[in-house]
Amino acid sequence: MYKGYRNQVLVIDLTQNEVETKALDLSLVENYLGGRGIAIKYLFDNLEQGIDPLSPENILVIGTGPLTGTLAPSSNRYTIAAKSPLTGGIGYANAGGHFAPELAYAGYDAIFIHGKAKKPVYIQIEDDVVEIQDARNIWGKDVWETDEYFREKLGEQIQILSIGQGGENLVRYAAILNNLSRAAARTGVGAVMGSKNLKAITVQGTGVVKVNDPMKFDELIDETLDKIYADPAYYSLSYYGTSFLVDLAFISGGLATRNHQTGIFEHYEEISAETFDEKYRVKSESCFACPIHCGKYSKVTTGKYAGTKGGSPEYETVVCLGSKCGVGNLAAIHHANELCNKYGIDTISTGDVIAFAMEAYEKGVLTKEDTDGLDLEWGNEDTMIELIKKITFREGFGDLLAEGSKRVAAKINKGSEDYAHHIKGMEPPAYDVRTAKAFGLGWATATRGADHLAALPNFELLGYEPEIGVEWFGSEKAVDPHAWESKPRMVVWHENLGAIVDSAEMCKYTCFSAYAVKPEDMARFITYATGMEMNAQDIMRIGERIYNLERLFNLREGIGKEQDKLPKRFTDEPLPEGPAKGQVVELDKMLPDYYKLREWDWETGYPTKEKLLELGLLEQAEKYNLVSRRKEQ
Amino acid sequence: MTEQLVKRRIFAQEEKCNGCRICELRCSFYHEKLYAPSHSRIRIKKVEIEGTTIPETCRLCYKCIESCPEEAISKSEKTGAIQIDEQKCTGCEECVKACPFGVMHMHPVTNIAITCDLCDGDPQCVIYCPETALHYMTAKKFTEFKKKEKENIEAGKIPKHSPIP
């Protein structure tokens, strides 16, 4: 047994209505650490190739990590994973809040949910009592109503994970929420939960989490806090929250506007951090044990959207439901955000699919006849809000949009696939990656589709001196966001460490904003917490293993090299104006180097035998013929 | 025992508290070298929908002392904090009922009453609060502190933390 972990997992079969408590497999955490790592290993081993993601055969995995419930800064997150109904490949989403530590105090490292309940159910966990309960009377309620229902029924002390109507109605980008506004939003995990007739999971835990070396662990926390508080971005992030990134994106010329037609938004000031602070910000609303506390609580007190309140829109949301749709009214964005959180749909994909529809409308590919009479002109906030409802309830035109941009484009055709931005079927986040090339490469190679978080190579944006670039990634160009040189190395490093961060279940802001936790620091956290002796190399090896197994999962599902690409606009259409005018992502220059560093075959996209052997993945790959026949290039 | 020490207690600025609960973990770690909000002497009470987070701290009103049928609860000579004699406590919960501020709890393992002991004069929750929402002061000092903080915010000397309207 290792400390840090609770050494117990739950295996729940909803078809059979059975709950089983099992011991945590030690080799699983030795090789995959926790959270995201445990999830991919379980899904690769237990999912049949080619299953329908919305069928009972899919498995929903909820994973915490060895630091969950401790004071290690921002280690409050969980991963929720399944085969994605949006991409058909590995799907996972990650959220903070207070759910994961409660699950740890209840005594569990992970939950594996199989099958499908005959009627709507919820899972109730109170320490070692775990029961599947009838949820018929709350099916149809939104996330906030569900939260209220459970708090009245079970008390204020519980933590709740639930879907809204989005997940119930199988919107392909439905989210799962906890603490009202913390969303495990991406890849459609909410639809998978809905397909299982699982409305919610409630948890109350009164247990404890112990670490192996409490005093060394505590000293390391103090050391890490010093680094976090010394970070120049600390004040902005902790006070304004991620909304301050709106300003940074604007300054760099990458504030995605009107479906990425430009990076300059004429209503920038109306959605800026300053406007947010002046008109809407109430206070900070932190995830568990986080010294950064980037989450904000906000209220709209006047005008049409008065009464809107709750966790305020993050940067991604402000852009996707704001400038990407041409909407320059932060109150409307707050309202749209609140609706998405209540209904349980991903604000990124939702904003993107609406922005895409708006461009199709602009080009005359969609008309009012297709849109139930709605005017999809840029910036029409009423339409945007109406569409959020229609998508959630799959009404009329919304039923089509609920399928995601890729499927919408396949339906309406007429050249629309050129501006239906998606990668592997998932819609892209807020940043315009033509202004940040490592981010561009990271989107293309992320295993779950267009994803800024797989790599999150903030390094290129932080204004480091060129010498630091040389020191970290072997090139002065590493600190220039417009340069493509050295970015493959940067992306591989971040992806591998990112897989570890998601498996230790720490927040990427601790690791990739202040770089307060580097591989050697993470190794110490894991060692002191668990008693497993680890160094930086061991840590990065596990990260690489996780990344490669996700790759194998995708390859097994037929998602290969041909899908490691960017939407055409980012590679072929230079940014038309602003400080990054003329920039495109030089993906063709970066991708071959990336494959070389990964030791993946440039022709087939399969990992080489040597790499698979090194990572202990050869057997799995051979079973499905996913080994490159070539020698290392 | 100096008069000043006796009057110091933990004051909370609710409007600054962000609900991170670092205080709860600092408390359980200091007392038991483990992490468990259920073992904490300070608790954060939340109404998430309204964005309110209230740190529940001991006001040193000593109602628990009066309520205890076993005379297991007394006042620390050094800090004025509540101290509980674990040998005498029977777990009857009279003190939990008597506490007007909801800060008296039963330990989930030992079933003995636990409450804030001010970490023997060095409260860990105050030291580690990332928002400096907790203060270990006399009432007079806390009033002065708040006044000065308000003046500084108005003068733009320190960043504002918007109070709830």
# chains A, B, ... in the order shown; residues from 1 in each chain; ligands from 1
call {"tool": "residues_around", "arguments": {"residues": "His107 of chain B", "least_positions_apart": "3", "cutoff": "9 Å", "atoms": "only C-alpha atoms", "output": "list in words"}}
result
Ser38, His39, Ser40, Thr110, Asn111, Ile112, Ala113 and Ile114 of chain B
call {"tool": "interface_residues", "arguments": {"of": "chain A", "to": "chain B", "cutoff": "6 Å", "atoms": "only C-alpha atoms", "output": "list of chain:residue names"}}
result
A:Thr70, A:Thr206, A:Val208, A:Val209, A:Lys210, A:Val282, A:Ser284, A:Glu285, A:Ser286, A:Cys287, A:Phe288, A:Ala289, A:Cys290, A:Pro291
call {"tool": "select_by_dssp", "arguments": {"residues": "segment 15-162 of chain B", "states": "alpha helix (DSSP H)", "output": "JSON, numbers by chain"}}
result
{"B": [22, 23, 24, 25, 26, 27, 28, 29, 30, 31, 32, 63, 64, 65, 66, 67, 94, 95, 96, 97, 98, 124, 125, 126, 127, 128, 139, 140, 141, 142, 143, 144, 145, 146, 147, 148, 149, 150, 151, 152, 153, 154]}
call {"tool": "closest_residue", "arguments": {"among": "B:Ala98, B:Cys68, B:Ile127, B:Ala12", "to": "Glu56 of chain B", "atoms": "only C-alpha atoms"}}
result
B:Ala12
call {"tool": "residues_around", "arguments": {"residues": "Val129 of chain A", "least_positions_apart": "6", "cutoff": "12 Å", "atoms": "only C-alpha atoms", "output": "list of chain:residue names"}}
result
A:Leu10, A:Val19, A:Glu20, A:Thr21, A:Ala106, A:Gly107, A:Tyr108, A:Ile123, A:Thr202, A:Val203, A:Gln204, A:Gly205, A:Thr206
call {"tool": "atom_distance", "arguments": {"atom1": "atom CA of Leu26 of chain A", "atom2": "atom CA of Ile12 of chain A"}}
result
20.0 Å
call {"tool": "atom_distance", "arguments": {"atom1": "atom CA of Ala93 of chain A", "atom2": "atom CA of Ile59 of chain A"}}
result
14.0 Å
call {"tool": "closest_residue", "arguments": {"among": "A:Phe570, A:Tyr105, A:Tyr92, A:Tyr297", "to": "Thr68 of chain A", "atoms": "only C-alpha atoms"}}
result
A:Tyr105
call {"tool": "atom_distance", "arguments": {"atom1": "atom CA of Asp480 of chain A", "atom2": "atom CA of Arg551 of chain A"}}
result
28.7 Å
call {"tool": "select_by_dssp", "arguments": {"residues": "segment 9-99 of chain B", "states": "strand (DSSP E or B)", "output": "number ranges by chain"}}
result
B: 9-12, 35, 43-47, 52-56, 73-75, 82-84
call {"tool": "residues_around", "arguments": {"residues": "Tyr509 of chain A", "least_positions_apart": "2", "cutoff": "12 Å", "atoms": "only C-alpha atoms", "output": "NGL selection string"}}
result
:A and (73-75 or 77 or 96 or 228 or 231 or 233-234 or 237-238 or 241-242 or 290-295 or 453 or 456-458 or 498 or 501-502 or 505-507 or 511-517)
call {"tool": "residues_around", "arguments": {"residues": "segment 299-309 of chain A", "least_positions_apart": "4", "cutoff": "8 Å", "atoms": "only C-alpha atoms", "output": "PyMOL selection string"}}
result
(chain A and resi 279-282+331-332+334-335+338) or (chain B and resi 49-50)
call {"tool": "residues_around", "arguments": {"residues": "Pro123 of chain B", "least_positions_apart": "4", "cutoff": "12 Å", "atoms": "only C-alpha atoms", "output": "PyMOL selection string"}}
result
chain B and resi 8-11+23-24+26-28+30-31+41-42+57-58+79+81+116-119+127-129+134-137
call {"tool": "residues_around", "arguments": {"residues": "segment 260-276 of chain A", "least_positions_apart": "6", "cutoff": "10 Å", "atoms": "only C-alpha atoms", "output": "PyMOL selection string"}}
result
chain A and resi 236+239-254+282+298+312-313+315+318-319+322-331+333-334+352+355-356+359+419+421+430-435+569-570+573-581
call {"tool": "closest_residue", "arguments": {"among": "A:Val584, A:Pro567, A:Gly442, A:Lys561", "to": "Asp601 of chain A", "atoms": "only C-alpha atoms"}}
result
A:Lys561
